[in-house]
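Here's the structure, in structure tokens; my notes come after.
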Amino acid sequence: MQVPDYAILLVISTLMFVSGGLAMMLTFGTASAQLGREEKRRFAFMIGGYLLSWAAAAQAIAYTNILVPRVEQTFPLLGVLVLGGTVLGIVLLSVSRHATAVLQAIPLHWLATIQVYRIIGLVFLMLYADGLLSGYFALSTGWGDIFVGVTAPIVGYLLWRDTARFWAIGFAWCIVGIGDLLLVLYKAINSAPGPFQTTSFDLPTVIVGYYPFPLVPLLIVPISIILHVQLIRRLVGRPVPVPQ
């Protein structure tokens with residue numbers, strides 16, 4: 001199946017934006033963290049090696065088109081890879097003292113604002129308009145991601161202005177953002193050829209298995225969930241403002 005040029009451009013552009021944004025955030029956090037020079041150096045090598053290995057593995061998997069849904073598939077490989085990569089990232093960041101120090105040094109509102117890239121959901125609406133995706137998958141996926149992406153800088157601004165006052169908005173936004181991604185994963189599985197397909201038999205969700213689309217669930221989705229989780233960790237425990 002031929003992936004439209006506009007879809008390739010949007011996916012690659014989004015990946016470049018995410019990569020640059022993460023690099024900026026981690027560089028700032030590492031420089032500002034309450035760690036010794038040697039500790040900062042070790043963390044930089046560790047996180048750099050982890051991210052490069054993750055990206056290389058995702059590129060290799062995506063390029064082989066092994067994630068293209070097929071009727072004969074009996075194992076939800078996509079779901080396992082997405083959830084596995086997400087859980088692994090959350091655990092590694094949670095147990096590392098150095099990672100915790102770096103994440104704490106990153107301005108809180110950056111964790112929300114960067115997710116403006118979620119407007120990439122527009123690509124699913126474009127594929128739906130071209131008859132390449134079913135409305136079942138494309139409409140909720142596209143509009144859900146666009147909503148989260150458009151509101152990301154708004155939530156970031158509110159948290160920058162007064163975190164203690166607007167922390168509940170940030171928390172609720174994270175729950176919506178995570179829920180949207182889990183819904184996308186569920187719909188991708190049950191609308192694609194395979195043992196779990198229950199809908200969209202006339203237009204199954206197949207195109208998202210062709211390169212470079214797998215880079216979205218393999219990289220962008222886990223990164224988005226991890227950002228939400230880290231933002232929630234920073235927000236939880238903050239005092240609730242008392243009405244005057």
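Ordering of the structure tokens sets the chain letters (A, B, ...); residue numbers start at 1 within each chain; ligands are numbered from 1 in the order shown.
Shell of range 56-66 of chain A at 7 Å, with only C-alpha atoms counted and residues fewer than 5 places along the chain excluded, is A:Gly209, A:Tyr210, A:Tyr211, A:Pro212, A:Pro214, A:Leu215, A:Leu218.
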Polymer residues at most 8 Å from range 120-137 of chain A, only C-alpha atoms, same-chain spacing of 4 or more positions, as number ranges by chain: A: 7, 10-11, 14, 141-146, 184, 187-188, 191, 200, 203-205, 207
Could the residues in this selection be saved with N, CA and C atoms as a short mmCIF file (atom, residue, chain, number, x, y, z; two decimals), in the first residue's frame?
```cif
data_model
loop_
_atom_site.label_atom_id
_atom_site.label_comp_id
_atom_site.auth_asym_id
_atom_site.auth_seq_id
_atom_site.Cartn_x
_atom_site.Cartn_y
_atom_site.Cartn_z
N ALA A 7 1.39 12.36 4.33
CA ALA A 7 1.44 11.60 5.58
C ALA A 7 2.88 11.35 6.01
N LEU A 10 4.30 14.64 7.38
CA LEU A 10 3.79 14.99 8.71
C LEU A 10 4.40 14.12 9.79
N VAL A 11 4.51 12.82 9.53
CA VAL A 11 5.08 11.91 10.53
C VAL A 11 6.55 12.24 10.78
N THR A 14 6.97 15.57 12.60
CA THR A 14 6.60 15.45 14.01
C THR A 14 7.70 14.77 14.81
N THR A 141 -9.65 9.24 16.70
CA THR A 141 -8.19 9.34 16.80
C THR A 141 -7.72 10.74 16.41
N GLY A 142 -8.19 11.20 15.26
CA GLY A 142 -7.76 12.51 14.78
C GLY A 142 -8.19 13.65 15.68
N TRP A 143 -9.49 13.72 15.99
CA TRP A 143 -9.99 14.83 16.78
C TRP A 143 -9.49 14.77 18.22
N GLY A 144 -9.32 13.56 18.75
CA GLY A 144 -8.80 13.43 20.11
C GLY A 144 -7.39 13.97 20.22
N ASP A 145 -6.54 13.58 19.28
CA ASP A 145 -5.16 14.07 19.29
C ASP A 145 -5.09 15.57 19.04
N ILE A 146 -5.91 16.06 18.13
CA ILE A 146 -5.91 17.49 17.84
C ILE A 146 -6.32 18.28 19.08
N VAL A 184 -6.92 5.02 21.16
CA VAL A 184 -6.34 4.87 19.81
C VAL A 184 -5.75 3.48 19.64
N LYS A 187 -8.57 0.90 19.34
CA LYS A 187 -9.25 0.94 18.05
C LYS A 187 -8.34 0.46 16.92
N ALA A 188 -7.04 0.71 17.05
CA ALA A 188 -6.11 0.24 16.02
C ALA A 188 -6.09 -1.29 15.98
N SER A 191 -9.78 -2.80 14.83
CA SER A 191 -10.25 -2.44 13.49
C SER A 191 -9.29 -2.90 12.41
N SER A 200 -14.93 -2.38 11.15
CA SER A 200 -14.21 -1.81 9.99
C SER A 200 -13.75 -2.90 9.02
N LEU A 203 -13.18 -1.41 5.50
CA LEU A 203 -11.99 -0.58 5.36
C LEU A 203 -11.14 -0.72 6.63
N PRO A 204 -10.45 -1.84 6.75
CA PRO A 204 -9.66 -2.10 7.96
C PRO A 204 -8.48 -1.14 8.10
N THR A 205 -8.02 -1.01 9.32
CA THR A 205 -6.90 -0.11 9.61
C THR A 205 -5.59 -0.82 9.26
N ILE A 207 -3.19 0.78 6.69
CA ILE A 207 -2.16 1.71 6.22
C ILE A 207 -1.21 2.14 7.34
#
```
Non-local contacts of Leu219 in chain A (12 Å; only C-alpha atoms; under 6 positions in same chain excluded) as a VMD selection string: chain A and resid 11 to 12 14 to 16 18 to 19 51 to 59 61 to 62 78 81 to 86 89 212 to 213 225 to 226
Can you spit out the residues from that selection as a compact mmCIF listing (two decimals), in the first residue's frame, using N, CA, C and O atoms?
```txt
# COMPACT_ATOMS: atom_id res chain seq x y z
N VAL A 11 4.51 12.82 9.53
CA VAL A 11 5.08 11.91 10.53
C VAL A 11 6.55 12.24 10.78
O VAL A 11 6.99 12.34 11.94
N ILE A 12 7.32 12.39 9.73
CA ILE A 12 8.75 12.68 9.89
C ILE A 12 8.97 14.04 10.54
O ILE A 12 9.84 14.19 11.42
N THR A 14 6.97 15.57 12.60
CA THR A 14 6.60 15.45 14.01
C THR A 14 7.70 14.77 14.81
O THR A 14 8.04 15.19 15.93
N LEU A 15 8.29 13.73 14.25
CA LEU A 15 9.38 13.04 14.93
C LEU A 15 10.58 13.97 15.13
O LEU A 15 11.24 13.93 16.18
N MET A 16 10.87 14.80 14.15
CA MET A 16 11.97 15.75 14.28
C MET A 16 11.67 16.77 15.37
O MET A 16 12.55 17.13 16.17
N VAL A 18 9.63 16.34 18.00
CA VAL A 18 9.70 15.65 19.29
C VAL A 18 11.14 15.42 19.71
O VAL A 18 11.51 15.64 20.87
N SER A 19 11.97 14.98 18.77
CA SER A 19 13.39 14.73 19.07
C SER A 19 14.08 16.01 19.54
O SER A 19 14.81 16.01 20.54
N LEU A 51 17.92 6.42 24.39
CA LEU A 51 17.05 7.00 23.37
C LEU A 51 17.48 6.63 21.96
O LEU A 51 16.65 6.35 21.09
N LEU A 52 18.80 6.62 21.73
CA LEU A 52 19.29 6.25 20.40
C LEU A 52 18.99 4.78 20.11
O LEU A 52 18.60 4.43 18.98
N SER A 53 19.15 3.91 21.09
CA SER A 53 18.85 2.49 20.91
C SER A 53 17.36 2.29 20.65
O SER A 53 16.97 1.49 19.78
N TRP A 54 16.53 3.01 21.38
CA TRP A 54 15.08 2.92 21.21
C TRP A 54 14.70 3.38 19.81
O TRP A 54 13.92 2.70 19.11
N ALA A 55 15.23 4.51 19.38
CA ALA A 55 14.90 5.04 18.06
C ALA A 55 15.38 4.10 16.95
O ALA A 55 14.67 3.89 15.96
N ALA A 56 16.58 3.54 17.11
CA ALA A 56 17.11 2.62 16.09
C ALA A 56 16.27 1.37 15.99
O ALA A 56 15.97 0.88 14.88
N ALA A 57 15.87 0.82 17.14
CA ALA A 57 15.03 -0.37 17.12
C ALA A 57 13.67 -0.08 16.48
O ALA A 57 13.15 -0.88 15.69
N ALA A 58 13.10 1.09 16.80
CA ALA A 58 11.81 1.46 16.21
C ALA A 58 11.93 1.62 14.70
O ALA A 58 11.05 1.18 13.94
N GLN A 59 13.01 2.25 14.24
CA GLN A 59 13.23 2.41 12.80
C GLN A 59 13.35 1.06 12.11
O GLN A 59 12.78 0.84 11.03
N ILE A 61 12.18 -1.90 13.10
CA ILE A 61 10.89 -2.60 13.12
C ILE A 61 9.94 -1.97 12.11
O ILE A 61 9.25 -2.68 11.36
N ALA A 62 9.88 -0.64 12.08
CA ALA A 62 8.96 0.05 11.18
C ALA A 62 9.31 -0.18 9.72
O ALA A 62 8.42 -0.37 8.88
N LEU A 78 1.82 -5.17 18.00
CA LEU A 78 1.85 -3.72 18.14
C LEU A 78 1.52 -3.30 19.57
O LEU A 78 2.23 -2.49 20.17
N LEU A 81 4.41 -4.09 21.97
CA LEU A 81 5.56 -3.21 21.81
C LEU A 81 5.28 -1.83 22.38
O LEU A 81 6.15 -1.24 23.04
N VAL A 82 4.09 -1.31 22.14
CA VAL A 82 3.74 0.02 22.63
C VAL A 82 3.71 0.04 24.16
O VAL A 82 4.36 0.87 24.81
N LEU A 83 2.95 -0.88 24.74
CA LEU A 83 2.82 -0.90 26.19
C LEU A 83 4.14 -1.29 26.86
O LEU A 83 4.50 -0.76 27.91
N GLY A 84 4.88 -2.23 26.23
CA GLY A 84 6.16 -2.63 26.79
C GLY A 84 7.15 -1.49 26.83
O GLY A 84 7.82 -1.26 27.85
N GLY A 85 7.26 -0.76 25.71
CA GLY A 85 8.17 0.38 25.66
C GLY A 85 7.78 1.48 26.63
O GLY A 85 8.64 2.12 27.26
N THR A 86 6.47 1.68 26.79
CA THR A 86 5.98 2.71 27.70
C THR A 86 6.30 2.36 29.15
O THR A 86 6.84 3.18 29.90
N GLY A 89 10.05 2.55 29.91
CA GLY A 89 10.51 3.93 30.06
C GLY A 89 10.11 4.53 31.39
O GLY A 89 10.91 5.20 32.05
N PRO A 212 6.18 5.31 7.17
CA PRO A 212 6.76 5.45 8.51
C PRO A 212 5.75 5.45 9.64
O PRO A 212 6.10 5.81 10.77
N PHE A 213 4.50 5.05 9.37
CA PHE A 213 3.46 5.14 10.39
C PHE A 213 3.76 4.39 11.69
O PHE A 213 3.41 4.86 12.77
N ILE A 225 2.77 9.29 26.57
CA ILE A 225 2.29 8.74 27.85
C ILE A 225 3.29 9.02 28.96
O ILE A 225 2.92 9.39 30.09
N ILE A 226 4.58 8.83 28.67
CA ILE A 226 5.61 9.08 29.68
C ILE A 226 5.60 10.55 30.11
O ILE A 226 5.73 10.86 31.31
```
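Note that the spacing between CA of Ala105 in chain A and CA of Phe43 in chain A amounts to 13.8 Å.
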DSSP alpha helix (DSSP H) residues within range 161-227 of chain A, as a ChimeraX atom specification: /A:161,163-190,215,221-227
The selected residues should be written to file as a PDB file, in the first residue's frame (atoms: C-alpha atoms).
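Final output, saved to out19.pdb:
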```
ATOM      1  CA  ARG A 161       1.096  31.270  35.649  1.00  0.00           C
ATOM      2  CA  THR A 163       0.566  25.774  39.281  1.00  0.00           C
ATOM      3  CA  ALA A 164      -1.072  25.671  42.713  1.00  0.00           C
ATOM      4  CA  ARG A 165      -4.268  27.149  41.295  1.00  0.00           C
ATOM      5  CA  PHE A 166      -4.478  25.240  38.017  1.00  0.00           C
ATOM      6  CA  TRP A 167      -2.915  21.889  38.984  1.00  0.00           C
ATOM      7  CA  ALA A 168      -6.326  20.137  38.703  1.00  0.00           C
ATOM      8  CA  ILE A 169      -6.658  21.291  35.088  1.00  0.00           C
ATOM      9  CA  GLY A 170      -3.216  19.895  34.330  1.00  0.00           C
ATOM     10  CA  PHE A 171      -4.077  16.622  36.036  1.00  0.00           C
ATOM     11  CA  ALA A 172      -7.389  16.268  34.171  1.00  0.00           C
ATOM     12  CA  TRP A 173      -5.676  17.123  30.870  1.00  0.00           C
ATOM     13  CA  CYS A 174      -3.149  14.346  31.459  1.00  0.00           C
ATOM     14  CA  ILE A 175      -5.896  11.812  32.167  1.00  0.00           C
ATOM     15  CA  VAL A 176      -7.678  12.823  28.965  1.00  0.00           C
ATOM     16  CA  GLY A 177      -4.418  12.641  27.019  1.00  0.00           C
ATOM     17  CA  ILE A 178      -3.551   9.164  28.293  1.00  0.00           C
ATOM     18  CA  GLY A 179      -7.110   7.944  27.776  1.00  0.00           C
ATOM     19  CA  ASP A 180      -7.060   9.206  24.196  1.00  0.00           C
ATOM     20  CA  LEU A 181      -3.854   7.281  23.444  1.00  0.00           C
ATOM     21  CA  LEU A 182      -5.171   4.060  24.995  1.00  0.00           C
ATOM     22  CA  LEU A 183      -8.388   4.420  22.985  1.00  0.00           C
ATOM     23  CA  VAL A 184      -6.345   4.871  19.811  1.00  0.00           C
ATOM     24  CA  LEU A 185      -4.391   1.697  20.566  1.00  0.00           C
ATOM     25  CA  TYR A 186      -7.598  -0.233  21.266  1.00  0.00           C
ATOM     26  CA  LYS A 187      -9.247   0.945  18.049  1.00  0.00           C
ATOM     27  CA  ALA A 188      -6.108   0.239  16.023  1.00  0.00           C
ATOM     28  CA  ILE A 189      -6.191  -3.386  17.210  1.00  0.00           C
ATOM     29  CA  ASN A 190      -9.905  -4.101  16.904  1.00  0.00           C
ATOM     30  CA  LEU A 215       7.046   5.141  14.276  1.00  0.00           C
ATOM     31  CA  VAL A 221       2.731   7.279  21.746  1.00  0.00           C
ATOM     32  CA  PRO A 222       5.075   5.970  24.496  1.00  0.00           C
ATOM     33  CA  ILE A 223       6.820   9.356  24.758  1.00  0.00           C
ATOM     34  CA  SER A 224       3.451  11.089  25.088  1.00  0.00           C
ATOM     35  CA  ILE A 225       2.288   8.745  27.848  1.00  0.00           C
ATOM     36  CA  ILE A 226       5.614   9.081  29.683  1.00  0.00           C
ATOM     37  CA  LEU A 227       5.349  12.889  29.515  1.00  0.00           C
TER      38      LEU A 227
END
```
Shell around Gln230 in chain A at 12 Å using only C-alpha atoms, local window under 6 positions removed, as a PyMOL selection string: chain A and resi 89-91+93-94+99-100+102-104+106-112+170-171+174+178+223-224+236
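CA of Ala44 in chain A lies 10.5 Å from CA of Ala23 in chain A.
Every protein, DNA or RNA residue with an atom at most 8 Å from Gln73 in chain A, where only C-alpha atoms count and chain neighbours fewer than 6 positions away do not, is listed here: A:Pro193, A:Gly194, A:Pro195.
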Residues from the last selection, N, CA, C and O atoms, saved as a tab-separated table (two decimals), in the first residue's frame:
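Okay, this is what ended up in out_8.tsv:
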```
chain	number	residue	atom	x	y	z
A	193	PRO	N	-7.04	-6.19	10.51
A	193	PRO	CA	-7.15	-7.63	10.25
A	193	PRO	C	-6.42	-8.45	11.32
A	193	PRO	O	-5.31	-8.11	11.72
A	194	GLY	N	-7.07	-9.49	11.78
A	194	GLY	CA	-6.48	-10.32	12.82
A	194	GLY	C	-7.56	-10.90	13.72
A	194	GLY	O	-8.75	-10.63	13.54
A	195	PRO	N	-7.16	-11.66	14.71
A	195	PRO	CA	-8.13	-12.34	15.58
A	195	PRO	C	-8.94	-11.40	16.46
A	195	PRO	O	-9.97	-11.79	17.01
```
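Picture a line from CA of Gln197 in chain A to CA of Thr74 in chain A; it runs 11.1 Å.
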Nearest candidate to Pro153 in chain A (options A:Val95, A:Leu139, A:Ile47, A:Ile114; using only C-alpha atoms): A:Ile114
Nearest residue to Arg97 in chain A from the set A:Leu35, A:Leu158, A:Leu67, A:Met1 (distances using only C-alpha atoms): A:Leu35
